[in-house]
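Source file: input.cif; contents: mmCIF, C-alpha atoms.
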```
data_work
loop_
_atom_site.label_atom_id
_atom_site.label_comp_id
_atom_site.auth_asym_id
_atom_site.auth_seq_id
_atom_site.Cartn_x
_atom_site.Cartn_y
_atom_site.Cartn_z
CA MET G 148 -28.59 25.17 -14.72
CA THR G 149 -27.28 27.20 -17.65
CA CYS G 150 -23.90 28.63 -18.57
CA LYS G 151 -22.09 30.76 -21.11
CA PHE G 152 -18.52 30.45 -22.32
CA LYS G 153 -15.93 32.97 -21.19
CA ASN G 154 -13.98 32.72 -24.44
CA HIS G 155 -14.84 31.81 -28.01
CA ASN G 156 -15.40 28.10 -28.56
CA SER G 157 -16.12 26.95 -32.11
CA LYS G 158 -18.40 24.17 -30.84
CA PHE G 159 -20.62 26.62 -28.96
CA VAL G 160 -21.58 29.61 -31.12
CA ARG G 161 -25.29 29.32 -31.90
CA ARG G 162 -26.67 30.29 -28.51
CA PRO G 163 -25.83 32.89 -25.90
CA GLN G 164 -26.39 30.33 -23.14
CA TYR G 165 -26.24 26.54 -22.94
CA GLU G 166 -28.07 24.07 -20.75
CA ILE G 167 -26.01 22.02 -18.31
CA TRP G 168 -27.09 18.38 -18.40
CA GLY G 169 -25.01 17.28 -15.45
CA PHE G 170 -21.84 17.80 -13.51
CA SER G 171 -19.37 15.84 -11.44
CA GLU G 172 -17.45 17.05 -8.42
CA GLN G 173 -14.35 15.47 -6.95
CA ASP G 174 -11.20 16.27 -5.01
CA ASP G 175 -8.48 18.12 -6.87
CA GLN G 176 -5.98 15.45 -7.94
CA ARG G 177 -3.20 17.91 -8.71
CA VAL G 178 -0.07 17.93 -6.56
CA PRO G 179 -0.26 20.13 -4.66
CA PRO G 180 -4.03 20.63 -5.00
CA LYS G 181 -5.04 24.10 -6.14
CA LEU G 182 -8.74 23.80 -5.37
CA GLU G 183 -10.74 22.05 -2.68
CA LYS G 184 -13.11 20.57 -5.27
CA VAL G 185 -13.03 20.32 -9.07
CA ARG G 186 -16.21 20.40 -11.12
CA THR G 187 -16.67 19.11 -14.66
CA TYR G 188 -19.84 19.94 -16.59
CA PHE G 189 -21.69 18.04 -19.33
CA VAL G 190 -22.94 20.37 -22.07
CA LEU G 191 -24.41 19.62 -25.50
CA ASP G 192 -22.57 21.47 -28.26
CA ASP G 193 -24.13 22.89 -31.45
CA ASP G 194 -23.99 19.44 -33.11
CA TYR G 195 -25.71 17.84 -30.09
CA GLU G 196 -22.60 16.05 -28.91
CA PHE G 197 -21.97 15.85 -25.16
CA CYS G 198 -18.77 17.61 -24.11
CA ARG G 199 -16.96 17.62 -20.79
CA ILE G 200 -16.30 21.24 -19.89
CA ASP G 201 -13.91 22.45 -17.19
CA GLU G 202 -15.32 24.83 -14.64
CA ALA G 203 -12.79 27.52 -15.58
CA ALA G 204 -14.08 27.70 -19.17
CA ILE G 205 -17.63 28.80 -18.34
CA GLU G 206 -19.64 31.23 -16.30
CA ILE G 207 -22.67 29.78 -14.50
CA ILE G 208 -25.78 31.85 -15.22
CA ASP G 209 -28.34 29.79 -13.33
CA ASN G 210 -27.08 27.46 -10.59
CA SER G 211 -30.44 26.07 -9.49
CA LEU G 212 -30.46 22.30 -8.94
CA ASP G 213 -34.21 22.05 -9.58
CA GLY G 214 -34.73 19.20 -12.04
CA TYR G 215 -31.42 17.49 -11.21
CA LYS G 216 -30.86 14.21 -9.41
CA LEU G 217 -27.94 13.23 -7.21
CA MET G 218 -26.88 9.84 -8.52
CA ASP G 219 -26.42 7.24 -5.80
CA THR G 220 -24.37 4.73 -7.79
CA PHE G 221 -21.05 5.85 -6.36
CA SER G 222 -19.88 4.65 -2.96
CA ASN G 223 -16.89 6.98 -3.00
CA SER G 224 -17.97 10.09 -1.13
CA LYS G 225 -15.10 12.01 -2.75
CA PHE G 226 -16.92 11.84 -6.12
CA ILE G 227 -20.47 13.08 -6.64
CA LEU G 228 -22.57 13.29 -9.76
CA TYR G 229 -25.70 15.29 -10.53
CA LEU G 230 -27.67 14.63 -13.72
CA LYS G 231 -30.62 16.47 -15.21
CA THR G 232 -33.70 14.27 -14.96
CA ASP G 233 -34.25 14.74 -18.71
CA VAL G 234 -31.09 12.74 -19.36
CA LEU G 235 -32.01 9.77 -17.17
CA PRO G 236 -33.72 7.84 -20.02
CA LEU G 237 -30.28 7.67 -21.62
CA LEU G 238 -29.18 5.60 -18.65
CA ASP G 239 -32.20 3.31 -18.88
CA LYS G 240 -31.64 -0.41 -18.30
CA ASN G 241 -28.06 0.24 -17.17
CA PHE G 242 -26.89 0.49 -20.77
CA ILE G 243 -24.73 3.55 -20.18
CA ASN G 244 -22.24 4.30 -17.43
CA GLY G 245 -23.80 7.30 -15.69
CA TRP G 246 -20.74 9.47 -15.39
CA ASN G 247 -19.65 9.12 -19.02
CA LEU G 248 -22.34 10.97 -20.97
CA THR G 249 -19.77 11.78 -23.65
CA GLY G 250 -19.87 8.13 -24.71
CA ILE G 251 -23.60 8.09 -25.41
CA GLN G 252 -23.36 8.92 -29.12
CA ILE G 253 -21.02 6.00 -29.79
CA SER G 254 -23.98 3.64 -30.15
CA ILE G 255 -27.02 3.94 -32.40
CA TRP G 256 -29.08 3.26 -29.26
CA GLY G 257 -27.66 6.34 -27.55
CA GLN G 258 -28.17 8.52 -30.62
CA THR G 259 -31.77 7.38 -30.94
CA ARG G 260 -32.64 7.95 -27.29
CA LEU G 261 -30.97 11.38 -27.24
CA ALA G 262 -32.84 12.38 -30.40
CA LYS G 263 -36.17 11.42 -28.81
CA ILE G 264 -35.41 13.42 -25.65
CA LEU G 265 -34.47 16.51 -27.67
CA ARG G 266 -37.46 16.17 -29.98
CA ASP G 267 -39.79 15.92 -26.98
CA LYS G 268 -38.20 19.13 -25.63
CA GLY G 269 -39.01 20.91 -28.91
CA GLU G 270 -35.42 21.12 -30.18
CA VAL G 271 -34.67 21.31 -33.90
CA LEU G 272 -32.67 18.14 -34.51
CA SER G 273 -29.49 17.86 -36.53
CA GLU G 274 -29.54 15.72 -39.68
CA LYS G 275 -27.54 13.05 -37.83
CA LEU G 276 -30.08 12.78 -35.02
CA ILE G 277 -33.06 12.84 -37.41
CA ASN G 278 -31.46 9.92 -39.23
CA ALA G 279 -30.88 8.07 -35.96
CA LEU G 280 -34.50 8.56 -34.98
CA GLU G 281 -36.20 7.77 -38.28
CA ASN G 282 -33.93 5.56 -40.41
CA GLU G 283 -34.89 2.04 -39.40
CA ASN G 284 -33.17 0.49 -42.42
CA ASP G 285 -29.74 1.52 -41.12
CA LYS G 286 -30.51 -0.22 -37.83
CA LEU G 287 -31.66 -3.37 -39.60
CA LEU G 288 -28.40 -3.41 -41.57
CA LEU G 289 -26.39 -3.05 -38.36
CA ILE G 290 -28.29 -5.98 -36.85
CA GLN G 291 -27.74 -8.11 -39.95
CA GLY G 292 -24.03 -7.32 -39.97
CA PHE G 293 -23.77 -8.42 -36.33
CA LEU G 294 -25.64 -11.65 -37.08
CA ASP G 295 -23.52 -12.47 -40.13
CA PHE G 296 -20.48 -12.73 -37.90
CA ALA G 297 -22.42 -14.27 -34.99
CA ASN G 298 -23.58 -17.21 -37.10
CA HIS G 299 -20.01 -18.07 -38.09
CA TYR G 300 -18.99 -17.90 -34.44
CA ILE G 301 -21.93 -20.00 -33.22
CA ASN G 302 -21.27 -22.80 -35.68
CA TYR G 303 -17.53 -22.74 -35.01
CA LYS G 304 -18.14 -23.04 -31.28
CA GLN G 305 -20.81 -25.76 -31.55
CA ASP G 306 -18.53 -28.09 -33.54
CA SER G 307 -21.55 -30.14 -34.66
CA ASP G 308 -22.95 -31.67 -37.82
CA LEU G 309 -26.03 -29.54 -37.26
CA VAL G 310 -26.16 -26.03 -38.75
CA TYR G 311 -27.18 -23.36 -36.25
CA HIS G 312 -28.60 -20.01 -37.22
CA LEU G 313 -29.55 -16.74 -35.54
CA GLY G 314 -31.77 -14.56 -37.69
CA PHE G 315 -33.80 -11.37 -37.38
CA CYS G 316 -36.78 -10.18 -39.39
CA LYS G 317 -39.60 -7.66 -39.42
CA THR G 318 -43.06 -8.84 -40.41
CA ASN G 319 -46.63 -7.58 -40.43
CA LYS G 320 -47.96 -11.14 -40.51
CA ASP G 321 -49.83 -12.67 -37.60
CA ILE G 322 -47.05 -14.63 -35.89
CA PHE G 323 -49.65 -16.81 -34.19
CA SER G 324 -51.31 -17.86 -37.45
CA GLU G 325 -51.01 -21.37 -38.87
CA ASP G 326 -49.55 -20.01 -42.13
CA TYR G 327 -46.73 -18.25 -40.32
CA ASN G 328 -46.01 -20.69 -37.54
CA TYR G 329 -46.88 -24.15 -38.82
CA LEU G 330 -48.77 -24.85 -35.63
CA THR G 331 -47.97 -28.57 -35.70
CA GLU G 332 -44.37 -27.60 -34.90
CA VAL G 333 -45.16 -25.19 -32.08
CA LYS G 334 -44.48 -26.46 -28.55
CA THR G 335 -45.29 -23.37 -26.47
CA ILE G 336 -46.14 -19.68 -26.85
CA PHE G 337 -45.32 -17.58 -23.82
CA GLU G 338 -46.09 -13.87 -23.36
CA VAL G 339 -43.31 -12.13 -21.49
CA LYS G 340 -44.30 -9.82 -18.65
CA LYS G 341 -43.60 -6.26 -19.71
CA GLU G 342 -41.30 -5.55 -16.76
CA ASN G 343 -39.21 -8.62 -17.66
CA ILE G 344 -38.86 -8.09 -21.42
CA TYR G 345 -35.29 -6.77 -21.42
CA LYS G 346 -34.08 -9.31 -18.87
CA GLU G 347 -35.64 -12.21 -20.81
CA PHE G 348 -34.42 -10.85 -24.15
CA LEU G 349 -30.86 -10.51 -22.90
CA GLU G 350 -30.92 -14.07 -21.57
CA PHE G 351 -32.31 -15.29 -24.91
CA ILE G 352 -29.49 -13.60 -26.84
CA ASN G 353 -26.82 -14.81 -24.42
CA GLN G 354 -28.10 -18.37 -24.67
CA ALA G 355 -28.04 -18.24 -28.47
CA LEU G 356 -24.56 -16.72 -28.72
CA PHE G 357 -22.77 -18.35 -25.80
CA ASN G 358 -25.02 -21.15 -24.47
CA GLY G 359 -25.41 -19.02 -21.37
CA ASP G 360 -21.69 -19.29 -20.55
CA LYS G 361 -19.62 -16.43 -19.19
CA ILE G 362 -16.46 -15.42 -21.04
CA ILE G 363 -14.17 -13.48 -18.74
CA ILE G 364 -11.46 -11.64 -20.67
CA TYR G 365 -10.40 -9.23 -17.92
CA PRO G 366 -11.06 -9.34 -14.18
CA ASN G 367 -14.75 -8.61 -13.59
CA GLN G 368 -15.43 -8.12 -17.33
CA ASP G 369 -17.81 -10.63 -18.90
CA ALA G 370 -17.45 -10.42 -22.69
CA SER G 371 -20.49 -12.64 -23.26
CA TYR G 372 -22.68 -10.19 -21.33
CA SER G 373 -21.33 -7.07 -23.05
CA THR G 374 -21.58 -8.67 -26.51
CA SER G 375 -25.14 -9.85 -25.90
CA LYS G 376 -26.07 -6.44 -24.55
CA SER G 377 -24.62 -4.78 -27.65
CA LEU G 378 -26.97 -6.75 -29.91
CA LEU G 379 -29.92 -6.04 -27.59
CA MET G 380 -29.17 -2.31 -27.65
CA THR G 381 -28.99 -2.22 -31.43
CA ILE G 382 -32.33 -4.00 -31.75
CA ASP G 383 -33.87 -1.83 -29.00
CA SER G 384 -32.88 1.32 -30.90
CA ILE G 385 -35.75 0.52 -33.28
CA PHE G 386 -38.37 0.80 -30.53
CA VAL G 387 -38.33 4.57 -30.08
CA ASN G 388 -41.79 4.78 -28.51
CA GLY G 389 -41.57 1.67 -26.35
CA ILE G 390 -42.27 -2.03 -26.85
CA GLU G 391 -45.94 -3.01 -26.88
CA ALA G 392 -45.56 -6.72 -26.07
CA ALA G 393 -43.13 -9.62 -26.40
CA TYR G 394 -43.52 -13.37 -26.86
CA ILE G 395 -41.29 -16.42 -26.72
CA ILE G 396 -42.35 -19.04 -29.27
CA GLU G 397 -40.75 -22.45 -28.86
CA ARG G 398 -40.87 -24.77 -31.85
CA TYR G 399 -39.23 -28.11 -32.45
CA TRP G 400 -36.46 -26.65 -34.61
CA ASP G 401 -36.07 -23.14 -33.26
CA THR G 402 -37.08 -20.63 -30.61
CA ARG G 403 -38.27 -17.13 -31.45
CA PHE G 404 -38.34 -13.95 -29.41
CA ALA G 405 -41.01 -11.78 -31.01
CA ILE G 406 -41.48 -8.11 -30.14
CA LYS G 407 -44.64 -6.23 -31.11
CA TYR G 408 -44.13 -2.59 -32.09
CA ASN G 409 -46.09 -0.15 -34.28
CA GLY G 410 -48.18 -2.82 -35.95
CA TYR G 411 -45.23 -5.10 -36.76
CA TYR G 412 -43.45 -8.02 -35.15
CA TYR G 413 -39.67 -7.96 -34.89
CA VAL G 414 -38.49 -11.53 -34.50
CA LEU G 415 -35.12 -12.87 -33.37
CA GLU G 416 -34.97 -16.57 -34.18
CA TYR G 417 -32.42 -19.13 -32.98
CA GLY G 418 -32.50 -22.69 -34.26
CA PHE G 419 -30.77 -25.46 -36.15
CA SER G 420 -31.16 -27.73 -39.15
CA ASP G 421 -29.46 -30.94 -40.23
#
```
If you convert what's in this file into structure tokens, what do you get?
Amino acid sequence: MTCKFKNHNSKFVRRPQYEIWGFSEQDDQRVPPKLEKVRTYFVLDDDYEFCRIDEAAIEIIDNSLDGYKLMDTFSNSKFILYLKTDVLPLLDKNFINGWNLTGIQISIWGQTRLAKILRDKGEVLSEKLINALENENDKLLLIQGFLDFANHYINYKQDSDLVYHLGFCKTNKDIFSEDYNYLTEVKTIFEVKKENIYKEFLEFINQALFNGDKIIIYPNQDASYSTSKSLLMTIDSIFVNGIEAAYIIERYWDTRFAIKYNGYYYVLEYGFSD
């Protein structure tokens, strides 16, 4: 599906037509209703930001639904959502609420995934998206900033004479070598099945931050889950081309979740010292 704007819009000036990435359709909520159904379209503007566009603002040039998927996550038959299959990787692992594409760029994960999709489609990326795709140092700084606060929180919550720490590093060393691991301290090394990596990683993070407890701040809203997922997403934004393998290394003083990617290991380590 493609569209063009009926009137001048400063966010949409570079192209005569724009691709529609999805649309929602629901009953007209106005009183009295003026239309039987109201459609809202998701369109990327000239800065590659998703915008919600009212039906009245555009003219549909191509209304073919080829390449679109009807999302089945909504039980309310009064609301339907179609998304272009190209955009589905942005919803991968249930990180993003499907109907709110405009919120994707809030996270570095969303920016990175969108940049990869556009690059694979042959688009010329904006400087912001190039940076999101290629600047790993910014992502490492975001992770470190999260962990700086997390370590204060963990030790406050533990209320123990032991000092707990959650750290993250990137290394090209062999994480299974004696020099790196001090094999006398290693209890087990477990390779995570590829289909379970994100599930196991999220559980690892949640255990480190919250001892696996749930923290309900609003009805049906688990802050421990959303906080753990936020750290996972930030780390996952590094792995643009997909994780190669993952390992859980249990030692006497700490446990490490090691992810292999592009010839390096990215290691999240949780442990304690006296």
Step by step, work through what the PyMOL selection byres ((chain G and resi 390-404) around 8) selects in the shown file, and finish by giving those residues as an mmCIF file with C-alpha atoms, in the frame of the given file.
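Output contents, as saved in expr-v8.cif:
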```
data_model
loop_
_atom_site.group_PDB
_atom_site.id
_atom_site.type_symbol
_atom_site.label_atom_id
_atom_site.label_comp_id
_atom_site.auth_asym_id
_atom_site.auth_seq_id
_atom_site.Cartn_x
_atom_site.Cartn_y
_atom_site.Cartn_z
ATOM 1 C CA GLU G 332 -44.370 -27.600 -34.900
ATOM 2 C CA VAL G 333 -45.160 -25.190 -32.080
ATOM 3 C CA LYS G 334 -44.480 -26.460 -28.550
ATOM 4 C CA THR G 335 -45.290 -23.370 -26.470
ATOM 5 C CA ILE G 336 -46.140 -19.680 -26.850
ATOM 6 C CA PHE G 337 -45.320 -17.580 -23.820
ATOM 7 C CA GLU G 338 -46.090 -13.870 -23.360
ATOM 8 C CA VAL G 339 -43.310 -12.130 -21.490
ATOM 9 C CA LYS G 340 -44.300 -9.820 -18.650
ATOM 10 C CA LYS G 341 -43.600 -6.260 -19.710
ATOM 11 C CA ILE G 344 -38.860 -8.090 -21.420
ATOM 12 C CA PHE G 348 -34.420 -10.850 -24.150
ATOM 13 C CA PHE G 351 -32.310 -15.290 -24.910
ATOM 14 C CA PHE G 386 -38.370 0.800 -30.530
ATOM 15 C CA ASN G 388 -41.790 4.780 -28.510
ATOM 16 C CA GLY G 389 -41.570 1.670 -26.350
ATOM 17 C CA ALA G 405 -41.010 -11.780 -31.010
ATOM 18 C CA ILE G 406 -41.480 -8.110 -30.140
ATOM 19 C CA LYS G 407 -44.640 -6.230 -31.110
ATOM 20 C CA TYR G 408 -44.130 -2.590 -32.090
ATOM 21 C CA ASN G 409 -46.090 -0.150 -34.280
ATOM 22 C CA VAL G 414 -38.490 -11.530 -34.500
ATOM 23 C CA LEU G 415 -35.120 -12.870 -33.370
ATOM 24 C CA GLU G 416 -34.970 -16.570 -34.180
ATOM 25 C CA TYR G 417 -32.420 -19.130 -32.980
ATOM 26 C CA GLY G 418 -32.500 -22.690 -34.260
ATOM 27 C CA PHE G 419 -30.770 -25.460 -36.150
ATOM 28 C CA SER G 420 -31.160 -27.730 -39.150
#
```
Exercise for the section: Mind listing whatever residues come within 12 Å of the point (-14.9, 32.0, -18.0)? Use all atoms listed in the file, file coordinates, and give them as a VMD selection string. Expected result: chain G and resid 150 to 156 200 to 208
For range 278-284 of chain G, please output as a CSV table (one decimal) with C-alpha atoms, in the frame of the given file all residues within 9 Å (counting all atoms listed in the file; exclusion window: fewer than 5 positions along the same chain).
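This went into result-v4.csv:
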```csv
chain,number,residue,atom,x,y,z
G,255,ILE,CA,-27.0,3.9,-32.4
G,256,TRP,CA,-29.1,3.3,-29.3
G,258,GLN,CA,-28.2,8.5,-30.6
G,259,THR,CA,-31.8,7.4,-30.9
G,260,ARG,CA,-32.6,8.0,-27.3
G,261,LEU,CA,-31.0,11.4,-27.2
G,262,ALA,CA,-32.8,12.4,-30.4
G,263,LYS,CA,-36.2,11.4,-28.8
G,273,SER,CA,-29.5,17.9,-36.5
G,289,LEU,CA,-26.4,-3.0,-38.4
G,384,SER,CA,-32.9,1.3,-30.9
G,385,ILE,CA,-35.8,0.5,-33.3
G,387,VAL,CA,-38.3,4.6,-30.1
```
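Those residues that approach Ser211 in chain G to within 7 Å, counting only C-alpha atoms, are G:Met148, G:Asp209, G:Asp213; same-chain residues fewer than 2 positions away are not listed.
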Exercise for the section: Evaluate the PyMOL selection byres ((chain G and resi 350) around 12) on the structure here and hand back the selected residues as number ranges by chain. Expected result: G: 343-349, 351-361, 371-376, 378-379, 395, 404
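Note on the selection: in this file the PyMOL selection byres ((chain G and resi 214) around 9) comes out as Met148, Ser211, Leu212, Asp213, Tyr215, Lys216, Leu230, Lys231, Thr232 and Asp233 of chain G.
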Restrict the selected residues to C-alpha atoms and save them as a compact mmCIF listing (two decimals), in the frame of the given file.
```
# COMPACT_ATOMS: atom_id res chain seq x y z
CA MET G 148 -28.59 25.17 -14.72
CA SER G 211 -30.44 26.07 -9.49
CA LEU G 212 -30.46 22.30 -8.94
CA ASP G 213 -34.21 22.05 -9.58
CA TYR G 215 -31.42 17.49 -11.21
CA LYS G 216 -30.86 14.21 -9.41
CA LEU G 230 -27.67 14.63 -13.72
CA LYS G 231 -30.62 16.47 -15.21
CA THR G 232 -33.70 14.27 -14.96
CA ASP G 233 -34.25 14.74 -18.71
```
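With CA of Ile382 in chain G on one side and CA of Arg199 in chain G on the other, the separation reads 28.7 Å.
Computed from the coordinates, the CA of Phe315 in chain G to CA of Ile362 in chain G distance equals 24.2 Å.
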Pick out the residues sitting within 8 Å of Asp192 in chain G, and hand them over as a tab-separated table (two decimals) with C-alpha atoms, keeping the file's coordinate frame; count all atoms listed in the file, and ignore anything fewer than 3 positions along from it in its own chain.
```
chain	number	residue	atom	x	y	z
G	158	LYS	CA	-18.40	24.17	-30.84
G	159	PHE	CA	-20.62	26.62	-28.96
G	195	TYR	CA	-25.71	17.84	-30.09
G	196	GLU	CA	-22.60	16.05	-28.91
G	197	PHE	CA	-21.97	15.85	-25.16
G	198	CYS	CA	-18.77	17.61	-24.11
```
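For the atom pair formed by CA of Tyr188 in chain G and CA of Ile167 in chain G, the distance is 6.7 Å, given to one decimal.
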